[in-house]
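Right, one structure below, let's go through it.
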Amino acid sequence: MFYVYSIKSRERNYIYVGLTEDIDRRINEHNSGKNKTTRPYKPFELIYEEQFRTRTEARRREKYLKAGSGKEFLKRL
């Protein structure tokens, strides 16, 4: 299974959207500073996740959530 997830910085106004097969491991990587892109914004909390059977489906949803209307949806959560 593939997961599309969104995490929000607890300290700053920043939302990150990603795709993974292991959501717990991935969030731990973000919170421990292993991801260069999100390191300055840690710590994070999971605000959204969806599960997909194929990487193609998950990638399509990830792209939507990274776009304008998808980001607006996440901000309203």
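Every chain in the structure tokens takes a letter, A first, then B, and so on in the order presented; its residues are numbered from 1, and the ligands are numbered from 1 following the presented order.
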
If you run DSSP on the backbone, which residues of chain A are alpha helix (DSSP H), as a PyMOL selection string?
-> chain A and resi 23-31+55-66+68-75

Contact residues around stretch 40-52 of chain A with only C-alpha atoms at 7 Å, ignoring same-chain residues under 2 positions, as a PyMOL selection string = chain A and resi 1-12+31+38+54+57-58

Looking only at the backbone, which of the residues in chain A does DSSP tag as strand (DSSP E), as a list of chain:residue names?
->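 DSSP-assigned strand (DSSP E) residues in chain A: A:Phe2, A:Tyr3, A:Val4, A:Tyr5, A:Ser6, A:Ile7, A:Lys8, A:Ser9, A:Ile15, A:Tyr16, A:Val17, A:Gly18, A:Leu19, A:Thr20, A:Phe44, A:Glu45, A:Leu46, A:Ile47, A:Tyr48, A:Glu49, A:Glu50, A:Gln51, A:Phe52.
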
Computed interatomic separation between atom CA of A:Ile23 and atom CA of A:Lys75 (Å) | 20.4 Å

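For the atom pair formed by atom CA of A:Gly33 and atom CA of A:Phe73, the distance is 26.3 Å, given to one decimal.
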
Counting only C-alpha atoms, the residue of A:Thr37, A:Tyr14, A:Gly70, A:Leu19 that sits nearest A:Thr56 = A:Leu19

Straight-line distance linking atom CA of A:Gly68 with atom CA of A:Arg55, stated in Å to one decimal =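 That distance, rounded to one decimal, is 21.9 Å.
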